[in-house]
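Beneath this line is the structure, given in structure tokens, with notes to follow.
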Amino acid sequence: MQEAFILEMHLKLANLLMKKVAYINQKIDSFNSKIYVPGDKSLSIRWILMASQAVGTSIAYNLLRSEDVFSTLKTIKKLGINFKINKKNCKIYGKGLNGFKFKNNTIINAGNSGTLARLIFGLLINSKNQIILKGDKSLSKRDFSRVISPMQMFGQNIKSNNQKLPIRIKGTNYPRPISYNETKGSAQIKSCILLAAMKTPGKTKIKSVPSRDHTEKLFKYLKLPIKTYKKKKLDLISYNGVKNYKGFNYVIPGDISSSSFFIVLTLLSKNSKIIIRNVNVNKSRTGIIDILKIMKAKITLKNKKNYNGEYVADIFVKSSNKLKSINCPVDMNSRSIDEFLLIFLVCASAKGISKFNKIGELRNKETDRLKFANKFLNKIGIKTEVNRDSFKIYGNPNLKLNKTYKIKNFDKDHRACMLSFIAALTFGGKWIINDIDSINTSFPNFISLLKNLGAKIH
């Protein structure tokens, strides 16, 4: 049943974006609307992985239906965990911390999902059989040393292709707790270690540069033995394994990263307003809102409430025609890592010179996003200066485009693709955007939502 439903969803996604090329020839007209965006991708993937380790049935509502999430569901199925998914919810039948059962050399394909590919190392820390981890062309270019190193400290056996996929992973019978300094501000590293710590007797300790903290909040919601506190701008985390936990129900709020495309669309469109309902506004994810407000964007959070440790709110946005440049505080980088492409686009139309430092992590995404941003902004006539980990943007508040722009060769990075739609609909010109099927990675109904607001997309 579950495989049939996923196949049906894959076919629907393929039909939505069958052409693979979009044409946009005019800006979007003014709009005043209320929308919902799909469930948060980070939480959807984490819920699946955590539910697979629970004892009994877990149920999620508003689970994101995207390629990355389907890859995660197919992964736990290959590891011996059953699930059922329909239009209303998803049920996972967990078997506890030692519930995985699979044949030696089972192949897991993470698709495009870096989150799945890196976090799954943690859950395989004590696996008796070997897993062969693979991914798509884009994921296979990405470096995995950041998770290989701490997992080997636990005792995991790993054979890699120069720190890249495909990677062979086999657990250890005697995982040992570790103390680890996480210096990249990567939630994937931190989460991978915490998932391994769940299955490791003793106390695992992490000293981490701040990053998104969904995993820690989920652990606390499940009353697992995790402790967190801050010291000198670092997050200190400890976990005492091993403790089983029961199946749990969870309602997944809207994704702030998906919402950000509509926040920026509204800011850069004339006489427009939007309300984005029920969005996850976890402080570790809302850097884009804080940065844009510094730039004088008209953004307000209303109806804010705490749901199982995660804050949820409605986001109110109005057109903003007097945006100013920013010297972006470095401590906001990790809180806006997936939204920087959109922030750069806003800077392109802001008055003054915007500066960003210590953003080299952007080069380790689905594509080198710093390189892409530089090339993209130059293409639309914006002067920039870039080096390994900094970026300077010379804004033009009178930016208006009238040429033809062809977007291709971006390694099918879903966020690079969606950025192009927002630029086309707000700055004008004629746009030909390739590989639009990449949107299925995180936001399958992105184009339909744009069309509902009045966008003319062919």
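Ordering of the structure tokens sets the chain letters (A, B, ...), residue numbers begin anew at 1 in every chain, and ligands are numbered from 1 in the order given.
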Quiz item: What's the 9 Å shell around stretch 21-26 of chain A, counting only C-alpha atoms, without same-chain residues fewer than 3 positions away, as a PyMOL selection string?
Solution: chain A and resi 17-18+29+404+421+424-437+455-458
Exercise. Could you give me, as a VMD selection string, each residue of stretch 12-213 of chain A that DSSP assigns to helix (DSSP H, G or I) when run on this structure's backbone?
Key: chain A and resid 12 to 16 41 to 53 67 to 78 114 to 123 139 to 141 145 to 154 187 to 198
Could you write those residues out with C-alpha atoms, as an mmCIF file, in the first residue's frame?
data_model
loop_
_atom_site.group_PDB
_atom_site.id
_atom_site.type_symbol
_atom_site.label_atom_id
_atom_site.label_comp_id
_atom_site.auth_asym_id
_atom_site.auth_seq_id
_atom_site.Cartn_x
_atom_site.Cartn_y
_atom_site.Cartn_z
ATOM 1 C CA LYS A 12 1.664 13.384 -9.759
ATOM 2 C CA LEU A 13 4.886 15.313 -9.133
ATOM 3 C CA ALA A 14 6.195 14.309 -12.546
ATOM 4 C CA ASN A 15 2.960 15.411 -14.221
ATOM 5 C CA LEU A 16 3.051 18.768 -12.411
ATOM 6 C CA LYS A 41 11.187 19.532 5.337
ATOM 7 C CA SER A 42 13.691 19.388 8.209
ATOM 8 C CA LEU A 43 10.993 18.327 10.668
ATOM 9 C CA SER A 44 9.399 15.865 8.218
ATOM 10 C CA ILE A 45 12.673 13.984 7.711
ATOM 11 C CA ARG A 46 13.544 14.045 11.404
ATOM 12 C CA TRP A 47 10.078 12.814 12.378
ATOM 13 C CA ILE A 48 10.410 9.825 10.036
ATOM 14 C CA LEU A 49 13.833 8.878 11.385
ATOM 15 C CA MET A 50 12.797 9.300 15.022
ATOM 16 C CA ALA A 51 9.512 7.436 14.508
ATOM 17 C CA SER A 52 11.448 4.534 12.985
ATOM 18 C CA GLN A 53 13.268 4.141 16.336
ATOM 19 C CA GLU A 67 11.182 13.785 -3.168
ATOM 20 C CA ASP A 68 13.464 14.127 -0.125
ATOM 21 C CA VAL A 69 10.738 12.917 2.228
ATOM 22 C CA PHE A 70 9.791 10.006 -0.042
ATOM 23 C CA SER A 71 13.472 9.015 -0.150
ATOM 24 C CA THR A 72 13.455 8.939 3.651
ATOM 25 C CA LEU A 73 10.337 6.766 3.792
ATOM 26 C CA LYS A 74 11.807 4.346 1.258
ATOM 27 C CA THR A 75 15.003 4.206 3.323
ATOM 28 C CA ILE A 76 13.320 3.099 6.554
ATOM 29 C CA LYS A 77 11.321 0.539 4.565
ATOM 30 C CA LYS A 78 14.581 -0.956 3.252
ATOM 31 C CA GLY A 114 21.804 15.691 2.196
ATOM 32 C CA THR A 115 19.852 15.641 5.463
ATOM 33 C CA LEU A 116 18.822 12.000 5.021
ATOM 34 C CA ALA A 117 22.237 10.896 3.763
ATOM 35 C CA ARG A 118 24.092 12.420 6.709
ATOM 36 C CA LEU A 119 21.622 11.655 9.508
ATOM 37 C CA ILE A 120 21.242 8.006 8.542
ATOM 38 C CA PHE A 121 24.871 7.395 9.582
ATOM 39 C CA GLY A 122 23.802 7.971 13.190
ATOM 40 C CA LEU A 123 21.007 5.402 13.112
ATOM 41 C CA LEU A 139 24.582 14.626 -3.765
ATOM 42 C CA SER A 140 27.424 12.431 -5.040
ATOM 43 C CA LYS A 141 29.586 15.552 -5.458
ATOM 44 C CA SER A 145 33.916 13.969 5.867
ATOM 45 C CA ARG A 146 31.948 16.138 8.296
ATOM 46 C CA VAL A 147 29.922 13.117 9.454
ATOM 47 C CA ILE A 148 32.448 10.378 8.696
ATOM 48 C CA SER A 149 34.887 11.785 11.257
ATOM 49 C CA PRO A 150 32.582 11.736 14.332
ATOM 50 C CA MET A 151 31.009 8.404 13.329
ATOM 51 C CA GLN A 152 34.442 6.776 13.180
ATOM 52 C CA MET A 153 35.085 8.137 16.680
ATOM 53 C CA PHE A 154 31.991 6.174 17.804
ATOM 54 C CA ALA A 187 22.748 20.926 12.235
ATOM 55 C CA GLN A 188 23.332 17.798 10.149
ATOM 56 C CA ILE A 189 26.571 16.986 11.991
ATOM 57 C CA LYS A 190 24.992 17.680 15.368
ATOM 58 C CA SER A 191 21.877 15.613 14.582
ATOM 59 C CA CYS A 192 23.889 12.711 13.206
ATOM 60 C CA ILE A 193 25.884 12.564 16.465
ATOM 61 C CA LEU A 194 22.720 12.750 18.583
ATOM 62 C CA LEU A 195 21.079 9.895 16.650
ATOM 63 C CA ALA A 196 24.189 7.782 17.200
ATOM 64 C CA ALA A 197 24.212 8.753 20.895
ATOM 65 C CA MET A 198 20.674 7.352 21.265
#
Exercise. Extract the full set of strand (DSSP E) residues from stretch 318-394 of chain A according to DSSP on the backbone, and format it as a PyMOL selection string.
Key: chain A and resi 318+353-357+383-386+390-394
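Separating atom CA of A:Ser448 from atom CA of A:Asn109 is a distance of 28.5 Å.
One distance worth recording is that between atom CA of A:Arg388 and atom CA of A:Phe356, which is 11.5 Å.
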Show me a table, sorted first by chain and then by increasing residue number, of the residues of stretch 94-210 of chain A having an atom at most 10 Å from stretch 219-231 of chain A, each with its shortest atom pair and the distance in Å to one decimal, counting only C-alpha atoms and written as a Markdown table.
| residue | atom | partner | partner_atom | distance |
| --- | --- | --- | --- | --- |
| A:Leu194 | CA | A:Ile226 | CA | 9.2 |
| A:Leu195 | CA | A:Phe219 | CA | 9.9 |
| A:Met198 | CA | A:Leu224 | CA | 8.9 |
| A:Lys203 | CA | A:Ile226 | CA | 9.7 |
| A:Thr204 | CA | A:Ile226 | CA | 9.7 |
| A:Lys205 | CA | A:Lys227 | CA | 9.5 |
| A:Ile206 | CA | A:Thr228 | CA | 9.5 |
| A:Lys207 | CA | A:Lys231 | CA | 9.3 |
| A:Ser208 | CA | A:Lys230 | CA | 9.5 |
| A:Pro210 | CA | A:Lys230 | CA | 9.2 |
Practice problem: Could you check how far atom CA of A:Arg212 sits from atom CA of A:Lys159, in Å to one decimal? | Solution: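 It comes out at 28.8 Å.
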